[in-house]
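This is my_file_4.pdb (PDB, C-alpha atoms).
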```
MODEL        1
ATOM      1  CA  MET A   1     -31.181 104.152 191.745
ATOM      2  CA  LYS A   2     -29.893 107.663 192.178
ATOM      3  CA  ASN A   3     -32.252 109.105 189.573
ATOM      4  CA  LEU A   4     -29.694 109.061 186.777
ATOM      5  CA  PHE A   5     -30.696 108.491 183.157
ATOM      6  CA  PHE A   6     -28.678 108.408 179.945
ATOM      7  CA  LEU A   7     -29.824 109.008 176.382
ATOM      8  CA  ILE A   8     -27.864 107.052 173.783
ATOM      9  CA  GLY A   9     -28.235 106.844 170.020
ATOM     10  CA  TYR A  10     -26.800 107.956 166.718
ATOM     11  CA  ARG A  11     -26.419 111.555 165.652
ATOM     12  CA  ALA A  12     -29.588 113.595 165.073
ATOM     13  CA  VAL A  13     -32.025 111.186 166.718
ATOM     14  CA  GLY A  14     -33.117 113.847 169.218
ATOM     15  CA  LYS A  15     -30.939 113.218 172.270
ATOM     16  CA  THR A  16     -30.352 116.901 173.010
ATOM     17  CA  THR A  17     -33.756 118.220 171.942
ATOM     18  CA  ILE A  18     -35.738 115.522 173.718
ATOM     19  CA  GLY A  19     -33.259 115.456 176.585
ATOM     20  CA  ARG A  20     -33.709 119.118 177.495
ATOM     21  CA  LEU A  21     -37.504 118.804 177.532
ATOM     22  CA  LEU A  22     -37.429 115.478 179.343
ATOM     23  CA  ALA A  23     -35.122 116.818 182.059
ATOM     24  CA  LYS A  24     -37.488 119.726 182.602
ATOM     25  CA  GLU A  25     -40.489 117.364 182.718
ATOM     26  CA  LEU A  26     -38.774 115.115 185.274
ATOM     27  CA  ASP A  27     -37.160 117.981 187.223
ATOM     28  CA  LEU A  28     -33.669 116.647 186.525
ATOM     29  CA  GLN A  29     -30.426 118.437 185.725
ATOM     30  CA  PHE A  30     -29.675 118.197 181.977
ATOM     31  CA  THR A  31     -26.106 117.392 180.965
ATOM     32  CA  ASP A  32     -24.717 116.897 177.467
ATOM     33  CA  THR A  33     -21.414 115.007 177.234
ATOM     34  CA  ASP A  34     -20.500 116.650 173.915
ATOM     35  CA  ARG A  35     -20.818 120.053 175.575
ATOM     36  CA  LEU A  36     -18.736 118.855 178.542
ATOM     37  CA  VAL A  37     -16.022 117.659 176.135
ATOM     38  CA  GLU A  38     -15.967 121.097 174.489
ATOM     39  CA  LEU A  39     -15.766 122.839 177.868
ATOM     40  CA  GLN A  40     -12.961 120.547 179.026
ATOM     41  CA  VAL A  41     -10.769 121.141 175.958
ATOM     42  CA  GLY A  42     -11.857 124.717 175.221
ATOM     43  CA  LYS A  43     -12.695 124.063 171.571
ATOM     44  CA  THR A  44     -15.352 122.559 169.348
ATOM     45  CA  ILE A  45     -15.545 118.842 168.764
ATOM     46  CA  ALA A  46     -14.634 119.404 165.116
ATOM     47  CA  SER A  47     -11.484 121.290 166.161
ATOM     48  CA  LEU A  48     -10.560 118.620 168.683
ATOM     49  CA  VAL A  49     -11.002 115.851 166.106
ATOM     50  CA  GLU A  50      -8.991 117.832 163.551
ATOM     51  CA  GLU A  51      -6.119 118.312 166.022
ATOM     52  CA  ALA A  52      -6.153 115.042 167.995
ATOM     53  CA  GLY A  53      -8.071 112.690 165.707
ATOM     54  CA  TRP A  54     -10.991 110.525 166.733
ATOM     55  CA  ASP A  55      -8.798 108.628 169.205
ATOM     56  CA  GLY A  56      -7.969 111.881 171.014
ATOM     57  CA  PHE A  57     -11.623 112.848 171.095
ATOM     58  CA  ARG A  58     -12.632 109.413 172.424
ATOM     59  CA  GLU A  59     -10.118 109.726 175.308
ATOM     60  CA  VAL A  60     -11.674 112.995 176.455
ATOM     61  CA  GLU A  61     -15.184 111.637 175.894
ATOM     62  CA  LYS A  62     -14.433 108.570 178.034
ATOM     63  CA  ASP A  63     -13.140 110.747 180.870
ATOM     64  CA  VAL A  64     -16.265 112.930 180.713
ATOM     65  CA  LEU A  65     -18.537 109.875 180.606
ATOM     66  CA  GLN A  66     -16.814 108.352 183.652
ATOM     67  CA  ARG A  67     -17.352 111.563 185.601
ATOM     68  CA  THR A  68     -21.098 111.510 184.906
ATOM     69  CA  ALA A  69     -21.358 108.346 187.028
ATOM     70  CA  GLY A  70     -21.187 110.571 190.105
ATOM     71  CA  LEU A  71     -24.267 112.554 189.134
ATOM     72  CA  SER A  72     -27.696 112.128 190.683
ATOM     73  CA  ASN A  73     -31.025 113.639 189.717
ATOM     74  CA  ALA A  74     -29.660 114.085 186.212
ATOM     75  CA  LEU A  75     -30.405 113.246 182.608
ATOM     76  CA  VAL A  76     -27.288 112.867 180.459
ATOM     77  CA  SER A  77     -27.345 113.135 176.677
ATOM     78  CA  THR A  78     -24.352 111.339 175.194
ATOM     79  CA  GLY A  79     -22.552 111.612 171.891
ATOM     80  CA  GLY A  80     -23.442 109.000 169.290
ATOM     81  CA  GLY A  81     -20.179 107.112 169.758
ATOM     82  CA  ALA A  82     -20.171 107.150 173.550
ATOM     83  CA  VAL A  83     -21.423 103.543 173.431
ATOM     84  CA  LEU A  84     -17.929 102.547 172.287
ATOM     85  CA  HIS A  85     -16.730 102.856 175.907
ATOM     86  CA  GLY A  86     -18.095  99.472 176.979
ATOM     87  CA  ASP A  87     -16.192  99.252 180.254
ATOM     88  CA  VAL A  88     -17.634 102.574 181.438
ATOM     89  CA  TRP A  89     -21.170 101.541 180.500
ATOM     90  CA  GLN A  90     -20.987  98.358 182.541
ATOM     91  CA  GLU A  91     -20.544 100.543 185.624
ATOM     92  CA  LEU A  92     -23.110 103.153 184.578
ATOM     93  CA  LYS A  93     -25.716 100.490 183.880
ATOM     94  CA  LYS A  94     -25.611  99.362 187.529
ATOM     95  CA  SER A  95     -27.000 102.653 188.829
ATOM     96  CA  SER A  96     -28.846 104.327 185.959
ATOM     97  CA  GLY A  97     -31.484 103.916 183.298
ATOM     98  CA  ILE A  98     -30.340 103.901 179.689
ATOM     99  CA  ILE A  99     -32.699 105.075 176.959
ATOM    100  CA  TRP A 100     -31.905 104.467 173.289
ATOM    101  CA  LEU A 101     -33.330 106.952 170.813
ATOM    102  CA  TYR A 102     -33.259 105.835 167.190
ATOM    103  CA  ALA A 103     -34.501 106.670 163.702
ATOM    104  CA  GLU A 104     -34.036 105.191 160.251
ATOM    105  CA  PRO A 105     -31.071 106.396 158.128
ATOM    106  CA  GLY A 106     -33.172 108.555 155.788
ATOM    107  CA  ILE A 107     -34.652 110.486 158.706
ATOM    108  CA  ILE A 108     -31.200 110.953 160.237
ATOM    109  CA  LEU A 109     -29.854 112.261 156.916
ATOM    110  CA  SER A 110     -32.718 114.740 156.648
ATOM    111  CA  ARG A 111     -32.203 115.967 160.209
ATOM    112  CA  LEU A 112     -28.433 116.313 159.772
ATOM    113  CA  SER A 113     -28.844 118.357 156.604
ATOM    114  CA  GLN A 114     -31.203 120.738 158.427
ATOM    115  CA  ASP A 115     -29.051 121.166 161.553
ATOM    116  CA  ASP A 116     -26.692 124.151 161.602
ATOM    117  CA  LYS A 117     -24.530 122.391 164.249
ATOM    118  CA  THR A 118     -23.618 119.556 161.888
ATOM    119  CA  GLN A 119     -20.381 121.174 160.692
ATOM    120  CA  SER A 120     -19.057 122.240 164.116
ATOM    121  CA  GLN A 121     -20.196 119.269 166.179
ATOM    122  CA  ARG A 122     -20.398 116.364 163.777
ATOM    123  CA  PRO A 123     -17.213 115.829 161.794
ATOM    124  CA  SER A 124     -17.125 112.867 159.434
ATOM    125  CA  LEU A 125     -16.574 109.539 161.144
ATOM    126  CA  SER A 126     -15.473 107.624 158.083
ATOM    127  CA  GLY A 127     -14.715 109.979 155.213
ATOM    128  CA  LYS A 128     -17.563 108.379 153.235
ATOM    129  CA  GLY A 129     -20.566 110.203 151.851
ATOM    130  CA  VAL A 130     -23.038 111.181 154.564
ATOM    131  CA  PHE A 131     -25.696 108.537 153.829
ATOM    132  CA  ALA A 132     -23.148 105.742 153.380
ATOM    133  CA  GLU A 133     -21.525 106.794 156.650
ATOM    134  CA  ILE A 134     -24.863 106.752 158.481
ATOM    135  CA  GLU A 135     -25.628 103.238 157.239
ATOM    136  CA  THR A 136     -22.135 101.924 158.005
ATOM    137  CA  ILE A 137     -21.847 103.395 161.491
ATOM    138  CA  LEU A 138     -25.408 102.461 162.419
ATOM    139  CA  HIS A 139     -24.735  98.885 161.335
ATOM    140  CA  GLU A 140     -21.659  98.805 163.596
ATOM    141  CA  ARG A 141     -23.308 100.464 166.602
ATOM    142  CA  MET A 142     -26.824  99.001 166.574
ATOM    143  CA  PRO A 143     -25.754  95.936 168.600
ATOM    144  CA  LEU A 144     -24.094  98.240 171.172
ATOM    145  CA  TYR A 145     -27.119 100.511 171.491
ATOM    146  CA  SER A 146     -29.443  97.531 171.730
ATOM    147  CA  ALA A 147     -27.358  95.721 174.359
ATOM    148  CA  LEU A 148     -27.118  98.785 176.604
ATOM    149  CA  ALA A 149     -30.687 100.015 176.349
ATOM    150  CA  ASP A 150     -33.174  99.517 179.134
ATOM    151  CA  PHE A 151     -35.807 101.286 177.028
ATOM    152  CA  SER A 152     -35.918 102.410 173.391
ATOM    153  CA  VAL A 153     -37.918 104.931 171.378
ATOM    154  CA  ASP A 154     -38.213 105.404 167.614
ATOM    155  CA  THR A 155     -38.082 109.202 167.414
ATOM    156  CA  ALA A 156     -39.230 109.186 163.792
ATOM    157  CA  SER A 157     -42.571 107.586 164.655
ATOM    158  CA  MET A 158     -43.782 110.261 167.066
ATOM    159  CA  THR A 159     -43.600 113.964 167.819
ATOM    160  CA  ILE A 160     -41.043 115.354 170.251
ATOM    161  CA  ASP A 161     -43.787 115.848 172.857
ATOM    162  CA  GLN A 162     -45.000 112.258 172.432
ATOM    163  CA  ALA A 163     -41.443 110.959 172.861
ATOM    164  CA  VAL A 164     -40.960 113.052 176.002
ATOM    165  CA  LYS A 165     -44.222 111.738 177.488
ATOM    166  CA  GLU A 166     -43.415 108.106 176.686
ATOM    167  CA  ILE A 167     -39.888 108.309 178.090
ATOM    168  CA  SER A 168     -41.081 110.281 181.108
ATOM    169  CA  ARG A 169     -43.591 107.545 181.969
ATOM    170  CA  TRP A 170     -40.865 104.922 181.729
ATOM    171  CA  CYS A 171     -38.423 106.948 183.860
ATOM    172  CA  ARG A 172     -41.025 107.555 186.561
ATOM    173  CA  ASP A 173     -41.941 103.877 186.586
ATOM    174  CA  LYS A 174     -38.287 102.856 186.815
ATOM    175  CA  THR A 175     -37.696 105.315 189.663
ATOM    176  CA  MET A 176     -40.724 104.003 191.552
ATOM    177  CA  ARG A 177     -39.697 100.363 191.051
ATOM    178  CA  SER A 178     -36.121 100.987 192.190
ATOM    179  CA  GLY A 179     -37.400 102.791 195.277
ATOM    180  CA  ASP A 180     -39.312  99.648 196.251
ATOM    181  CA  GLU A 181     -36.224  97.440 196.108
TER     182      GLU A 181
ENDMDL
END
```
Using structure tokens, write down the structure from this file.
Amino acid sequence: MKNLFFLIGYRAVGKTTIGRLLAKELDLQFTDTDRLVELQVGKTIASLVEEAGWDGFREVEKDVLQRTAGLSNALVSTGGGAVLHGDVWQELKKSSGIIWLYAEPGIILSRLSQDDKTQSQRPSLSGKGVFAEIETILHERMPLYSALADFSVDTASMTIDQAVKEISRWCRDKTMRSGDE
């Protein structure tokens, strides 16, 4: 284990918020793949999707995700659809811990409606209404999140600080166990 952890999960489940605090708690570098995508292309995700479509975005996202495999002492927050790159995850899973953050659709809807980044960073995935889209995409991705996760946390059932403490304990335990191997 090279002290590399990934946060996966749908939009607005707390990957960035919890991730920043968790990285600080664990003394790890925090990296956000959505931010790396924006830096690589020099535009917002919404602009990239508008110009290149979701397929174009996914190509850049996959490249960014592959490059994170070389990190150590890092916590990486991924975009909600990053789990679609199954071949990359099979490699990442060999040398990292993967934490799935989740919440029920109603909580996600509430968080999205309160987040000022929703328009610039979260373009529609399906063209459906927001709640219908959440339910549809979650239904499609839940098996992917579940299959990849080494550990999972319901971010709706606890405070941000509680989530950070619970995940931190797991990460420290995983690091200690891998050091014994």
Starting from the shown file, work through the PyMOL selection byres ((chain A and resi 67-74) around 7) and note down what comes out as a compact mmCIF listing (two decimals) with C-alpha atoms, in the coordinates of the input.
```
# COMPACT_ATOMS: atom_id res chain seq x y z
CA LYS A 2 -29.89 107.66 192.18
CA ASN A 3 -32.25 109.10 189.57
CA LEU A 4 -29.69 109.06 186.78
CA PHE A 5 -30.70 108.49 183.16
CA LEU A 28 -33.67 116.65 186.52
CA GLN A 29 -30.43 118.44 185.72
CA PHE A 30 -29.68 118.20 181.98
CA ASP A 63 -13.14 110.75 180.87
CA VAL A 64 -16.26 112.93 180.71
CA LEU A 65 -18.54 109.88 180.61
CA GLN A 66 -16.81 108.35 183.65
CA LEU A 75 -30.40 113.25 182.61
CA VAL A 76 -27.29 112.87 180.46
CA LEU A 92 -23.11 103.15 184.58
```
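Taking CA of Ile137 in chain A and CA of Ala46 in chain A as endpoints, the distance between them is 17.9 Å.
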Evaluate the PyMOL selection byres ((chain A and resi 37-43) around 9) against this structure - the residues, as a PDB file with C-alpha atoms, in the frame of the given file, please.
```
ATOM      1  CA  ASP A  32     -24.717 116.897 177.467  1.00  0.00           C
ATOM      2  CA  THR A  33     -21.414 115.007 177.234  1.00  0.00           C
ATOM      3  CA  ASP A  34     -20.500 116.650 173.915  1.00  0.00           C
ATOM      4  CA  ARG A  35     -20.818 120.053 175.575  1.00  0.00           C
ATOM      5  CA  LEU A  36     -18.736 118.855 178.542  1.00  0.00           C
ATOM      6  CA  THR A  44     -15.352 122.559 169.348  1.00  0.00           C
ATOM      7  CA  ILE A  45     -15.545 118.842 168.764  1.00  0.00           C
ATOM      8  CA  ALA A  46     -14.634 119.404 165.116  1.00  0.00           C
ATOM      9  CA  SER A  47     -11.484 121.290 166.161  1.00  0.00           C
ATOM     10  CA  LEU A  48     -10.560 118.620 168.683  1.00  0.00           C
ATOM     11  CA  PHE A  57     -11.623 112.848 171.095  1.00  0.00           C
ATOM     12  CA  VAL A  60     -11.674 112.995 176.455  1.00  0.00           C
ATOM     13  CA  GLU A  61     -15.184 111.637 175.894  1.00  0.00           C
ATOM     14  CA  ASP A  63     -13.140 110.747 180.870  1.00  0.00           C
ATOM     15  CA  VAL A  64     -16.265 112.930 180.713  1.00  0.00           C
TER      16      VAL A  64
END
```
Output check: residues returned by the PyMOL selection byres ((chain A and resi 83-87) around 7), as an MDAnalysis selection string: chainID A and resid 62 81:82 88:90 144:145
So that I can see what lies close to range 14-24 of chain A, please list as a CSV table (one decimal) with C-alpha atoms, in the frame of the given file the residues with an atom at most 9 Å from it, counting all atoms listed in the file and leaving out residues fewer than 5 positions away in the same chain.
```csv
chain,number,residue,atom,x,y,z
A,7,LEU,CA,-29.8,109.0,176.4
A,8,ILE,CA,-27.9,107.1,173.8
A,9,GLY,CA,-28.2,106.8,170.0
A,29,GLN,CA,-30.4,118.4,185.7
A,30,PHE,CA,-29.7,118.2,182.0
A,31,THR,CA,-26.1,117.4,181.0
A,32,ASP,CA,-24.7,116.9,177.5
A,74,ALA,CA,-29.7,114.1,186.2
A,75,LEU,CA,-30.4,113.2,182.6
A,76,VAL,CA,-27.3,112.9,180.5
A,77,SER,CA,-27.3,113.1,176.7
A,78,THR,CA,-24.4,111.3,175.2
A,79,GLY,CA,-22.6,111.6,171.9
A,100,TRP,CA,-31.9,104.5,173.3
A,101,LEU,CA,-33.3,107.0,170.8
A,102,TYR,CA,-33.3,105.8,167.2
A,155,THR,CA,-38.1,109.2,167.4
A,160,ILE,CA,-41.0,115.4,170.3
A,161,ASP,CA,-43.8,115.8,172.9
A,163,ALA,CA,-41.4,111.0,172.9
A,164,VAL,CA,-41.0,113.1,176.0
A,165,LYS,CA,-44.2,111.7,177.5
A,167,ILE,CA,-39.9,108.3,178.1
A,168,SER,CA,-41.1,110.3,181.1
```
If we draw a sphere of 12 Å around (-35.0, 110.1, 158.1), which residues have at least one atom in it when counting all atoms listed in the file? Please report them as a PyMOL selection string. chain A and resi 11-14+102-114+131+134-135+154-157
In Å to one decimal, how far is CA of Met142 in chain A from CA of Arg177 in chain A? 27.7 Å
Output range 158-176 of chain A with N, CA and C atoms present, as a PDB file, keeping the file's coordinate frame.
```pdb
ATOM      1  N   MET A 158     -42.959 109.446 166.182  1.00  0.00           N
ATOM      2  CA  MET A 158     -43.782 110.261 167.066  1.00  0.00           C
ATOM      3  C   MET A 158     -43.241 111.686 167.120  1.00  0.00           C
ATOM      4  N   THR A 159     -44.056 112.582 167.652  1.00  0.00           N
ATOM      5  CA  THR A 159     -43.600 113.964 167.819  1.00  0.00           C
ATOM      6  C   THR A 159     -42.633 114.027 168.996  1.00  0.00           C
ATOM      7  N   ILE A 160     -41.955 115.142 169.122  1.00  0.00           N
ATOM      8  CA  ILE A 160     -41.043 115.354 170.251  1.00  0.00           C
ATOM      9  C   ILE A 160     -41.814 115.246 171.565  1.00  0.00           C
ATOM     10  N   ASP A 161     -42.988 115.889 171.632  1.00  0.00           N
ATOM     11  CA  ASP A 161     -43.787 115.848 172.857  1.00  0.00           C
ATOM     12  C   ASP A 161     -44.229 114.425 173.191  1.00  0.00           C
ATOM     13  N   GLN A 162     -44.611 113.647 172.188  1.00  0.00           N
ATOM     14  CA  GLN A 162     -45.000 112.258 172.432  1.00  0.00           C
ATOM     15  C   GLN A 162     -43.818 111.451 172.973  1.00  0.00           C
ATOM     16  N   ALA A 163     -42.640 111.670 172.393  1.00  0.00           N
ATOM     17  CA  ALA A 163     -41.443 110.959 172.861  1.00  0.00           C
ATOM     18  C   ALA A 163     -41.137 111.319 174.305  1.00  0.00           C
ATOM     19  N   VAL A 164     -41.220 112.603 174.630  1.00  0.00           N
ATOM     20  CA  VAL A 164     -40.960 113.052 176.002  1.00  0.00           C
ATOM     21  C   VAL A 164     -41.940 112.385 176.968  1.00  0.00           C
ATOM     22  N   LYS A 165     -43.215 112.347 176.605  1.00  0.00           N
ATOM     23  CA  LYS A 165     -44.222 111.738 177.488  1.00  0.00           C
ATOM     24  C   LYS A 165     -43.965 110.252 177.672  1.00  0.00           C
ATOM     25  N   GLU A 166     -43.653 109.550 176.589  1.00  0.00           N
ATOM     26  CA  GLU A 166     -43.415 108.106 176.686  1.00  0.00           C
ATOM     27  C   GLU A 166     -42.184 107.800 177.545  1.00  0.00           C
ATOM     28  N   ILE A 167     -41.112 108.542 177.308  1.00  0.00           N
ATOM     29  CA  ILE A 167     -39.888 108.309 178.090  1.00  0.00           C
ATOM     30  C   ILE A 167     -40.097 108.720 179.543  1.00  0.00           C
ATOM     31  N   SER A 168     -40.800 109.813 179.758  1.00  0.00           N
ATOM     32  CA  SER A 168     -41.081 110.281 181.108  1.00  0.00           C
ATOM     33  C   SER A 168     -41.831 109.228 181.910  1.00  0.00           C
ATOM     34  N   ARG A 169     -42.837 108.617 181.288  1.00  0.00           N
ATOM     35  CA  ARG A 169     -43.591 107.545 181.969  1.00  0.00           C
ATOM     36  C   ARG A 169     -42.655 106.405 182.375  1.00  0.00           C
ATOM     37  N   TRP A 170     -41.785 106.011 181.437  1.00  0.00           N
ATOM     38  CA  TRP A 170     -40.865 104.922 181.729  1.00  0.00           C
ATOM     39  C   TRP A 170     -39.904 105.292 182.871  1.00  0.00           C
ATOM     40  N   CYS A 171     -39.362 106.506 182.819  1.00  0.00           N
ATOM     41  CA  CYS A 171     -38.423 106.948 183.860  1.00  0.00           C
ATOM     42  C   CYS A 171     -39.098 106.983 185.225  1.00  0.00           C
ATOM     43  N   ARG A 172     -40.301 107.501 185.283  1.00  0.00           N
ATOM     44  CA  ARG A 172     -41.025 107.555 186.561  1.00  0.00           C
ATOM     45  C   ARG A 172     -41.303 106.152 187.086  1.00  0.00           C
ATOM     46  N   ASP A 173     -41.686 105.257 186.190  1.00  0.00           N
ATOM     47  CA  ASP A 173     -41.941 103.877 186.586  1.00  0.00           C
ATOM     48  C   ASP A 173     -40.662 103.218 187.104  1.00  0.00           C
ATOM     49  N   LYS A 174     -39.562 103.442 186.405  1.00  0.00           N
ATOM     50  CA  LYS A 174     -38.287 102.856 186.815  1.00  0.00           C
ATOM     51  C   LYS A 174     -37.860 103.408 188.180  1.00  0.00           C
ATOM     52  N   THR A 175     -38.054 104.695 188.393  1.00  0.00           N
ATOM     53  CA  THR A 175     -37.696 105.315 189.663  1.00  0.00           C
ATOM     54  C   THR A 175     -38.538 104.741 190.792  1.00  0.00           C
ATOM     55  N   MET A 176     -39.836 104.561 190.533  1.00  0.00           N
ATOM     56  CA  MET A 176     -40.724 104.003 191.552  1.00  0.00           C
ATOM     57  C   MET A 176     -40.348 102.555 191.875  1.00  0.00           C
TER      58      MET A 176
END
```
